[in-house]
Amino acid sequence: MEIPALLIQSGGSLLAIFALFLFARWLRLGGKPKLGTEEGVASAASEVIDGFDMSGFAVDDNGSAALARDADGRIILIKRHGNKFAGRLLDHRANGKAWRDDHPEGRRRPRITVNSGDALFGTVTLFTDEPETWASAIDAL
Amino acid sequence: MPDFSPTQYAVPFFVIAVLAEMIWSRFRNREAYEPMDTLVSLAFGLGSTIAGALFSGFAVYVFFTAYEYRLIDFGPEWWTLWWAWPLCFVLDDLKYYWVHRAGHRIRWMWAAHVNHHSSQHYNLSTALRQTWTGAFTFGLLFALPLVLLGFHPAMIAICGGFNLIYQFWIHTEAIDRMPGWFEAVMNTPSHHRVHHATNPRYLDRNYAGVFITWDKMFGTFEAERDDEKIRYGIIKQLGSFNLLWSVFHEWIGMIGDIWRAPWRHKLSYLLREPGWSHDGSRDTSDMIRARWLARNEAVASAISPVADRNSIESPEHSA
């Protein structure tokens with residue numbers, strides 16, 4: 001039986017693709033940037049909405065996500081995506097849920113789970129102070 | 001008739017070049033690559049090849065039919081006319097400029113082309129992030145004038161293949177600037193970084209394929225600045241490595257908008273620029289740039305000394 005050339009070519013390409021992917025992992029390319037400072041969150045927020053004038057923010061304990069708001073009450077959800085950050089301006093489709101469960105280490109760790117309302121962008125959880133305030137603000141959008 | 005596809009021969013070179021850039025990235029700029037992003041980019045490349053093989057039949061039929069109505073006949077051995085090749089290459093690159101420009105300014109075309117811009121990285125693997133759905137746009141119409149002029153569809157396809165190969169190497173941050181004469185005429189990594197940027201200054205600029213002169217000629221050229229860090233991708237970054245979502249998200253968004261829009265606005269969601277909305281609730285690239293310009297002018301006028309703004313107080317009049 002003769003195998004179509006396109007199939008052979010595609011199979012070979014698929015192998016090459018996974019080889020390159022594994023090579024990139026082996027080289028440890030990428031990394032995990034952290035949002036740690038007000039300046040960092042403001043910069044990430046301004047990449048979502050150019051000129052976004054941040055008036056308040058909350059950042060996850062490990063720097064993988066953040067919430068930023070401006071004086072107009074707009075709220076941006078930012079999450080780490082690969083080794084970059086991506087964000088969404090939240091609207092009425094979004095919702096936030098505040099949690100204050102016990103942490104495995106015994107500490108009470110407040111956190112907020114934000115559903116962006118965008119199925120592919122997904123849900124983001126931030127360990128941060130005052131999650132109730134943010135949850136209320138998001139639910140009021 | 002020559003049966004030759006330059007891009008097929010170039011694939012091994014693409015793989016070796018990506019490998020080499022990964023090694024460069026390991027030592028110079030580890031953030032230039034992200035394995036999952038690379039995996040998606042390469043899968044885009046493979047899918048594009050398969051989609052091309054499956055869906056290019058209609059375009060081939062249209063081109064060969066149009067060729068029957070050509071204005072100039074280059075003869076049965078058209079491929080032996082040496083001068084026709086460079087001429088076809090230049091005219092095909094001019095065609096590329098306009099089809100590419102349409103790809104950014106008409107949402108129907110953008111739905112297919114956005115794939116190429118959906119990575120937040122800019123490396124050689126990004127070059128392989130090619131469309132799967134180009135056959136479902138009217139992009140082929142841009143090539144019809146060349147066919148009607150008399151260039152054989154195979155000649156146009158071969159020139160287009162070389163054009164695509166040329167564009168591969170410019171998708172890199174590993175090269176800063178080429179020599180001045182080269183930057184002046186040719187598309188380069190520097191010029192094309194601008195094209196992939198989401199910075200307001202750079203939006204919808206540098207559409208060129210091979211010759212940057214088209215952008216200079218048609219007013220869409222913007223030089224890369226050393227004082228402004230480039231952010232790559234699209235205005236609304238995907239935030240997902242889902243391959244199928246990356247391929248079809250703009251089609252899904254556009255069809256949804258057309259479905260929901262009032263009748264008199266439906267066509268606008270197909271043919272107007274990406275970001276356009278009938279209620280003004282979204283931003284186009286022009287709106288983003290205009291806001292950015294206004295903000296910068298306000299800042300500049302706030303910090304400039306009175307003498308710069310007041311002709312009476314300016315140095316020329318105070319002597």
# chains A, B, ... in the order shown; residues from 1 in each chain; ligands from 1
$ residues_around --residues "Ser13 of chain A" --least-positions-apart "2" --cutoff "12 Å" --atoms "only C-alpha atoms" --output "list of chain:residue names"
A:Leu6, A:Leu7, A:Ile8, A:Gln9, A:Ser10, A:Gly11, A:Leu15, A:Ala16, A:Ile17, A:Phe18, A:Ala19, A:Leu20, B:Gln8, B:Val11, B:Pro12, B:Phe14, B:Val15, B:Leu39, B:Leu42, B:Ala43, B:Phe44, B:Gly45, B:Leu46, B:Gly47, B:Ser48, B:Thr49, B:Ile50
$ interface_residues --of "chain A" --to "chain B" --cutoff "10 Å" --atoms "only C-alpha atoms" --output "MDAnalysis selection string"
chainID A and resid 6:7 9:11 13:14 16:33 47:51 78:89 120:122
$ residues_around --residues "segment 135-146 of chain B" --least-positions-apart "2" --cutoff "7 Å" --atoms "only C-alpha atoms" --output "list in words"
Phe55, Ser56, Ala59, Phe63, Lys95, Val99, Trp108, Met109, Thr133, Leu148, Leu149, Gly150 and Phe151 of chain B
$ select_by_dssp --residues "segment 15-102 of chain A" --states "strand (DSSP E)" --output "ChimeraX atom specification"
/A:54-59,65-70,75-81,84-89,95-99
$ write_last_selection --atoms "N, CA and C atoms" --output "mmCIF file, in the first residue's frame"
data_model
loop_
_atom_site.group_PDB
_atom_site.id
_atom_site.type_symbol
_atom_site.label_atom_id
_atom_site.label_comp_id
_atom_site.auth_asym_id
_atom_site.auth_seq_id
_atom_site.Cartn_x
_atom_site.Cartn_y
_atom_site.Cartn_z
ATOM 1 N N MET A 54 -3.590 53.174 36.741
ATOM 2 C CA MET A 54 -3.908 52.310 37.881
ATOM 3 C C MET A 54 -4.001 53.092 39.184
ATOM 4 N N SER A 55 -5.111 52.865 39.883
ATOM 5 C CA SER A 55 -5.268 53.549 41.173
ATOM 6 C C SER A 55 -5.197 52.572 42.343
ATOM 7 N N GLY A 56 -5.303 51.305 42.057
ATOM 8 C CA GLY A 56 -5.193 50.299 43.109
ATOM 9 C C GLY A 56 -4.892 48.949 42.505
ATOM 10 N N PHE A 57 -4.286 48.074 43.291
ATOM 11 C CA PHE A 57 -3.959 46.760 42.743
ATOM 12 C C PHE A 57 -3.847 45.728 43.846
ATOM 13 N N ALA A 58 -3.963 44.493 43.441
ATOM 14 C CA ALA A 58 -3.719 43.364 44.330
ATOM 15 C C ALA A 58 -2.878 42.383 43.547
ATOM 16 N N VAL A 59 -1.866 41.846 44.198
ATOM 17 C CA VAL A 59 -0.990 40.925 43.479
ATOM 18 C C VAL A 59 -0.928 39.604 44.230
ATOM 19 N N ALA A 65 -0.213 36.414 39.241
ATOM 20 C CA ALA A 65 -1.442 37.078 38.777
ATOM 21 C C ALA A 65 -1.648 38.373 39.551
ATOM 22 N N ALA A 66 -2.508 39.211 39.012
ATOM 23 C CA ALA A 66 -2.790 40.481 39.683
ATOM 24 C C ALA A 66 -4.141 41.025 39.251
ATOM 25 N N LEU A 67 -4.664 41.908 40.070
ATOM 26 C CA LEU A 67 -5.855 42.680 39.723
ATOM 27 C C LEU A 67 -5.453 44.147 39.780
ATOM 28 N N ALA A 68 -5.927 44.925 38.831
ATOM 29 C CA ALA A 68 -5.624 46.363 38.834
ATOM 30 C C ALA A 68 -6.916 47.118 38.561
ATOM 31 N N ARG A 69 -7.096 48.219 39.246
ATOM 32 C CA ARG A 69 -8.284 49.036 38.980
ATOM 33 C C ARG A 69 -7.873 50.478 38.751
ATOM 34 N N ASP A 70 -8.754 51.215 38.088
ATOM 35 C CA ASP A 70 -8.484 52.639 37.896
ATOM 36 C C ASP A 70 -9.591 53.469 38.550
ATOM 37 N N ILE A 75 -11.645 47.282 36.067
ATOM 38 C CA ILE A 75 -10.757 46.296 36.697
ATOM 39 C C ILE A 75 -10.160 45.388 35.626
ATOM 40 N N ILE A 76 -8.860 45.207 35.732
ATOM 41 C CA ILE A 76 -8.149 44.318 34.805
ATOM 42 C C ILE A 76 -7.623 43.120 35.586
ATOM 43 N N LEU A 77 -7.846 41.955 35.030
ATOM 44 C CA LEU A 77 -7.289 40.714 35.586
ATOM 45 C C LEU A 77 -6.073 40.335 34.746
ATOM 46 N N ILE A 78 -4.965 40.108 35.430
ATOM 47 C CA ILE A 78 -3.721 39.762 34.729
ATOM 48 C C ILE A 78 -3.255 38.391 35.208
ATOM 49 N N LYS A 79 -2.832 37.578 34.279
ATOM 50 C CA LYS A 79 -2.292 36.269 34.673
ATOM 51 C C LYS A 79 -1.018 35.981 33.890
ATOM 52 N N ARG A 80 -0.184 35.135 34.475
ATOM 53 C CA ARG A 80 1.014 34.716 33.751
ATOM 54 C C ARG A 80 0.592 33.726 32.672
ATOM 55 N N HIS A 81 1.121 33.960 31.492
ATOM 56 C CA HIS A 81 0.809 33.077 30.371
ATOM 57 C C HIS A 81 2.141 32.709 29.731
ATOM 58 N N LYS A 84 5.099 35.238 29.706
ATOM 59 C CA LYS A 84 4.604 36.606 29.517
ATOM 60 C C LYS A 84 3.373 36.787 30.398
ATOM 61 N N PHE A 85 2.783 37.948 30.323
ATOM 62 C CA PHE A 85 1.525 38.180 31.026
ATOM 63 C C PHE A 85 0.436 38.536 30.018
ATOM 64 N N ALA A 86 -0.765 38.096 30.333
ATOM 65 C CA ALA A 86 -1.922 38.441 29.496
ATOM 66 C C ALA A 86 -3.032 38.889 30.433
ATOM 67 N N GLY A 87 -3.918 39.704 29.931
ATOM 68 C CA GLY A 87 -4.961 40.224 30.822
ATOM 69 C C GLY A 87 -6.284 40.415 30.129
ATOM 70 N N ARG A 88 -7.284 40.666 30.948
ATOM 71 C CA ARG A 88 -8.620 40.959 30.430
ATOM 72 C C ARG A 88 -9.218 42.111 31.230
ATOM 73 N N LEU A 89 -9.839 43.020 30.518
ATOM 74 C CA LEU A 89 -10.660 44.027 31.173
ATOM 75 C C LEU A 89 -11.956 43.334 31.553
ATOM 76 N N ASN A 95 -16.960 37.239 37.474
ATOM 77 C CA ASN A 95 -17.364 37.209 38.883
ATOM 78 C C ASN A 95 -16.187 36.807 39.753
ATOM 79 N N GLY A 96 -16.264 37.217 41.013
ATOM 80 C CA GLY A 96 -15.175 36.918 41.940
ATOM 81 C C GLY A 96 -15.712 36.247 43.184
ATOM 82 N N LYS A 97 -14.953 35.309 43.699
ATOM 83 C CA LYS A 97 -15.365 34.638 44.930
ATOM 84 C C LYS A 97 -14.214 34.694 45.921
ATOM 85 N N ALA A 98 -14.499 35.241 47.089
ATOM 86 C CA ALA A 98 -13.469 35.369 48.120
ATOM 87 C C ALA A 98 -13.458 34.119 49.001
ATOM 88 N N TRP A 99 -12.270 33.724 49.391
ATOM 89 C CA TRP A 99 -12.097 32.539 50.235
ATOM 90 C C TRP A 99 -11.206 32.895 51.416
#
$ decode --residues "segment 217-288 of chain B" --atoms "C-alpha atoms" --output "PDB file, in the first residue's frame"
ATOM      1  CA  MET B 217       5.944  54.684  -0.778  1.00  0.00           C
ATOM      2  CA  PHE B 218       2.451  54.192   0.649  1.00  0.00           C
ATOM      3  CA  GLY B 219       2.944  55.966   3.997  1.00  0.00           C
ATOM      4  CA  THR B 220       2.912  53.034   6.395  1.00  0.00           C
ATOM      5  CA  PHE B 221       6.582  52.920   7.361  1.00  0.00           C
ATOM      6  CA  GLU B 222       7.687  53.293  10.966  1.00  0.00           C
ATOM      7  CA  ALA B 223      11.287  52.875  12.081  1.00  0.00           C
ATOM      8  CA  GLU B 224      12.101  50.869  15.191  1.00  0.00           C
ATOM      9  CA  ARG B 225      13.170  52.997  18.132  1.00  0.00           C
ATOM     10  CA  ASP B 226      15.794  51.976  20.642  1.00  0.00           C
ATOM     11  CA  ASP B 227      14.059  53.824  23.500  1.00  0.00           C
ATOM     12  CA  GLU B 228      10.802  51.889  23.339  1.00  0.00           C
ATOM     13  CA  LYS B 229      10.597  48.227  24.310  1.00  0.00           C
ATOM     14  CA  ILE B 230       8.461  46.294  21.884  1.00  0.00           C
ATOM     15  CA  ARG B 231       5.526  44.222  23.088  1.00  0.00           C
ATOM     16  CA  TYR B 232       4.560  41.477  20.668  1.00  0.00           C
ATOM     17  CA  GLY B 233       1.249  39.845  19.906  1.00  0.00           C
ATOM     18  CA  ILE B 234      -2.241  41.198  19.495  1.00  0.00           C
ATOM     19  CA  ILE B 235      -4.195  43.861  21.346  1.00  0.00           C
ATOM     20  CA  LYS B 236      -6.263  41.263  23.193  1.00  0.00           C
ATOM     21  CA  GLN B 237      -3.646  38.618  23.956  1.00  0.00           C
ATOM     22  CA  LEU B 238      -5.090  35.124  23.830  1.00  0.00           C
ATOM     23  CA  GLY B 239      -3.814  33.990  27.222  1.00  0.00           C
ATOM     24  CA  SER B 240      -4.193  30.416  26.027  1.00  0.00           C
ATOM     25  CA  PHE B 241      -2.043  27.828  24.267  1.00  0.00           C
ATOM     26  CA  ASN B 242      -5.112  26.066  22.872  1.00  0.00           C
ATOM     27  CA  LEU B 243      -4.188  25.512  19.222  1.00  0.00           C
ATOM     28  CA  LEU B 244      -7.713  25.369  17.819  1.00  0.00           C
ATOM     29  CA  TRP B 245      -8.737  28.479  19.736  1.00  0.00           C
ATOM     30  CA  SER B 246      -5.665  30.240  18.383  1.00  0.00           C
ATOM     31  CA  VAL B 247      -6.632  29.254  14.843  1.00  0.00           C
ATOM     32  CA  PHE B 248     -10.328  30.054  14.940  1.00  0.00           C
ATOM     33  CA  HIS B 249     -10.888  32.640  17.696  1.00  0.00           C
ATOM     34  CA  GLU B 250     -11.256  35.629  15.390  1.00  0.00           C
ATOM     35  CA  TRP B 251     -13.575  33.726  13.025  1.00  0.00           C
ATOM     36  CA  ILE B 252     -15.722  32.762  16.004  1.00  0.00           C
ATOM     37  CA  GLY B 253     -15.717  36.342  17.316  1.00  0.00           C
ATOM     38  CA  MET B 254     -16.513  37.826  13.927  1.00  0.00           C
ATOM     39  CA  ILE B 255     -19.341  35.426  13.124  1.00  0.00           C
ATOM     40  CA  GLY B 256     -20.777  36.018  16.600  1.00  0.00           C
ATOM     41  CA  ASP B 257     -20.646  39.779  16.068  1.00  0.00           C
ATOM     42  CA  ILE B 258     -22.325  39.494  12.669  1.00  0.00           C
ATOM     43  CA  TRP B 259     -25.017  37.256  14.156  1.00  0.00           C
ATOM     44  CA  ARG B 260     -25.786  39.660  17.003  1.00  0.00           C
ATOM     45  CA  ALA B 261     -25.469  42.933  15.073  1.00  0.00           C
ATOM     46  CA  PRO B 262     -28.453  44.858  13.690  1.00  0.00           C
ATOM     47  CA  TRP B 263     -28.972  44.111   9.995  1.00  0.00           C
ATOM     48  CA  ARG B 264     -27.570  47.386   8.731  1.00  0.00           C
ATOM     49  CA  HIS B 265     -24.273  46.794  10.566  1.00  0.00           C
ATOM     50  CA  LYS B 266     -23.706  43.137   9.754  1.00  0.00           C
ATOM     51  CA  LEU B 267     -21.564  43.749   6.680  1.00  0.00           C
ATOM     52  CA  SER B 268     -19.419  46.252   8.560  1.00  0.00           C
ATOM     53  CA  TYR B 269     -18.373  43.542  11.008  1.00  0.00           C
ATOM     54  CA  LEU B 270     -17.089  41.605   8.011  1.00  0.00           C
ATOM     55  CA  LEU B 271     -15.450  44.343   5.989  1.00  0.00           C
ATOM     56  CA  ARG B 272     -14.430  47.086   8.382  1.00  0.00           C
ATOM     57  CA  GLU B 273     -11.244  47.156  10.413  1.00  0.00           C
ATOM     58  CA  PRO B 274     -10.674  44.835  13.382  1.00  0.00           C
ATOM     59  CA  GLY B 275     -11.961  46.385  16.596  1.00  0.00           C
ATOM     60  CA  TRP B 276     -14.719  48.337  14.870  1.00  0.00           C
ATOM     61  CA  SER B 277     -18.104  48.128  16.573  1.00  0.00           C
ATOM     62  CA  HIS B 278     -21.385  49.755  15.654  1.00  0.00           C
ATOM     63  CA  ASP B 279     -21.871  51.115  19.182  1.00  0.00           C
ATOM     64  CA  GLY B 280     -18.298  52.337  19.601  1.00  0.00           C
ATOM     65  CA  SER B 281     -17.733  50.001  22.531  1.00  0.00           C
ATOM     66  CA  ARG B 282     -14.415  48.673  21.207  1.00  0.00           C
ATOM     67  CA  ASP B 283     -11.176  50.113  19.983  1.00  0.00           C
ATOM     68  CA  THR B 284      -9.651  50.006  16.539  1.00  0.00           C
ATOM     69  CA  SER B 285      -5.905  50.449  16.102  1.00  0.00           C
ATOM     70  CA  ASP B 286      -6.538  53.986  14.828  1.00  0.00           C
ATOM     71  CA  MET B 287      -8.451  54.849  18.003  1.00  0.00           C
ATOM     72  CA  ILE B 288      -5.720  53.404  20.221  1.00  0.00           C
TER      73      ILE B 288
END
